[in-house]
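Quick notes on the structure that follows.
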Amino acid sequence: MSAHGHVDLGHTVAGWTGTTLALLGCAGAGLALCAGWTPGIWAGLGLVAAAGLVTWPLHLAGWGKPSGPRPASEWDWRTRDAAARTGHANCLGCRAGGARRAPAALETAAPPIRV
């Protein structure tokens, strides 16, 4: 049996897409740096920034995952997150996604402390 057979590693469409784009951008910027090609460095760094801009809408569309472990039935990377429609509690990406997501995400968060 695998050492991490019972662990949610968080493989998602959003994660794989963002990681692949960021890796290609870093590799491209590094090659351009070695070649002394300044526009290629900026293009590679732009692709790294694009990785974040592509991953965020994928997360909001349900192709990411909330923080913390998920049930074993949702470990497959092709499983869409049904809770993403209302937003995840304490998720910066969901809060930045707009006003319609922020209230739902905050409702499931811990209640405020009243003095």
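The chains in the structure tokens are called A, B, ... from first to last as shown; in each chain the residues are counted from 1, and the ligands are counted from 1 in the order shown.
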| Can you list, as an NGL selection string, every protein, DNA or RNA residue that comes within 9 Å of A:His59 when you count only C-alpha atoms, leaving out same-chain residues fewer than 6 positions away? | :A and (13-15 or 65-66 or 81 or 84 or 93-94)
| Contacts of A:Thr12 at 8 Å (only C-alpha atoms; same-chain gap of 3+ positions) as an MDAnalysis selection string | chainID A and resid 15:16 63:65 76:79
| field | Nearest candidate to A:Leu58 (options A:Pro39, A:Gly97, A:Pro71, A:Gly30; using only C-alpha atoms) | value |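 Answer, going by the shortest atom-to-atom distance: A:Gly97.
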| query | Restricting the calculation to only C-alpha atoms, which member of A:Gly68, A:Gly28, A:Gly87, A:Gly18 is positioned closest to A:Ala49? | reply | A:Gly18
| message | Residues near A:Gly44, anyone? I mean within 7 Å using only C-alpha atoms, not counting same-chain ones fewer than 5 positions away, as a list in words. | response |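 Everything that qualifies: Gly25, Cys26, Gly28 and Ala29 of chain A.
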Since we have the selection now, will you write its residues out, keeping N, CA, C and O atoms, as a PDB file, in the first residue's frame?
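Printed below is part10.pdb as written:
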ATOM      1  N   GLY A  25       5.993  28.893 -17.846  1.00  0.00           N
ATOM      2  CA  GLY A  25       6.446  30.273 -17.764  1.00  0.00           C
ATOM      3  C   GLY A  25       7.808  30.404 -17.115  1.00  0.00           C
ATOM      4  O   GLY A  25       8.674  31.145 -17.600  1.00  0.00           O
ATOM      5  N   CYS A  26       8.027  29.660 -16.031  1.00  0.00           N
ATOM      6  CA  CYS A  26       9.337  29.693 -15.358  1.00  0.00           C
ATOM      7  C   CYS A  26      10.421  29.117 -16.257  1.00  0.00           C
ATOM      8  O   CYS A  26      11.531  29.666 -16.338  1.00  0.00           O
ATOM      9  N   GLY A  28      10.392  28.951 -19.545  1.00  0.00           N
ATOM     10  CA  GLY A  28      10.597  29.884 -20.650  1.00  0.00           C
ATOM     11  C   GLY A  28      11.403  31.098 -20.228  1.00  0.00           C
ATOM     12  O   GLY A  28      12.315  31.539 -20.947  1.00  0.00           O
ATOM     13  N   ALA A  29      11.090  31.658 -19.064  1.00  0.00           N
ATOM     14  CA  ALA A  29      11.840  32.816 -18.564  1.00  0.00           C
ATOM     15  C   ALA A  29      13.285  32.433 -18.272  1.00  0.00           C
ATOM     16  O   ALA A  29      14.206  33.207 -18.555  1.00  0.00           O
TER      17      ALA A  29
END
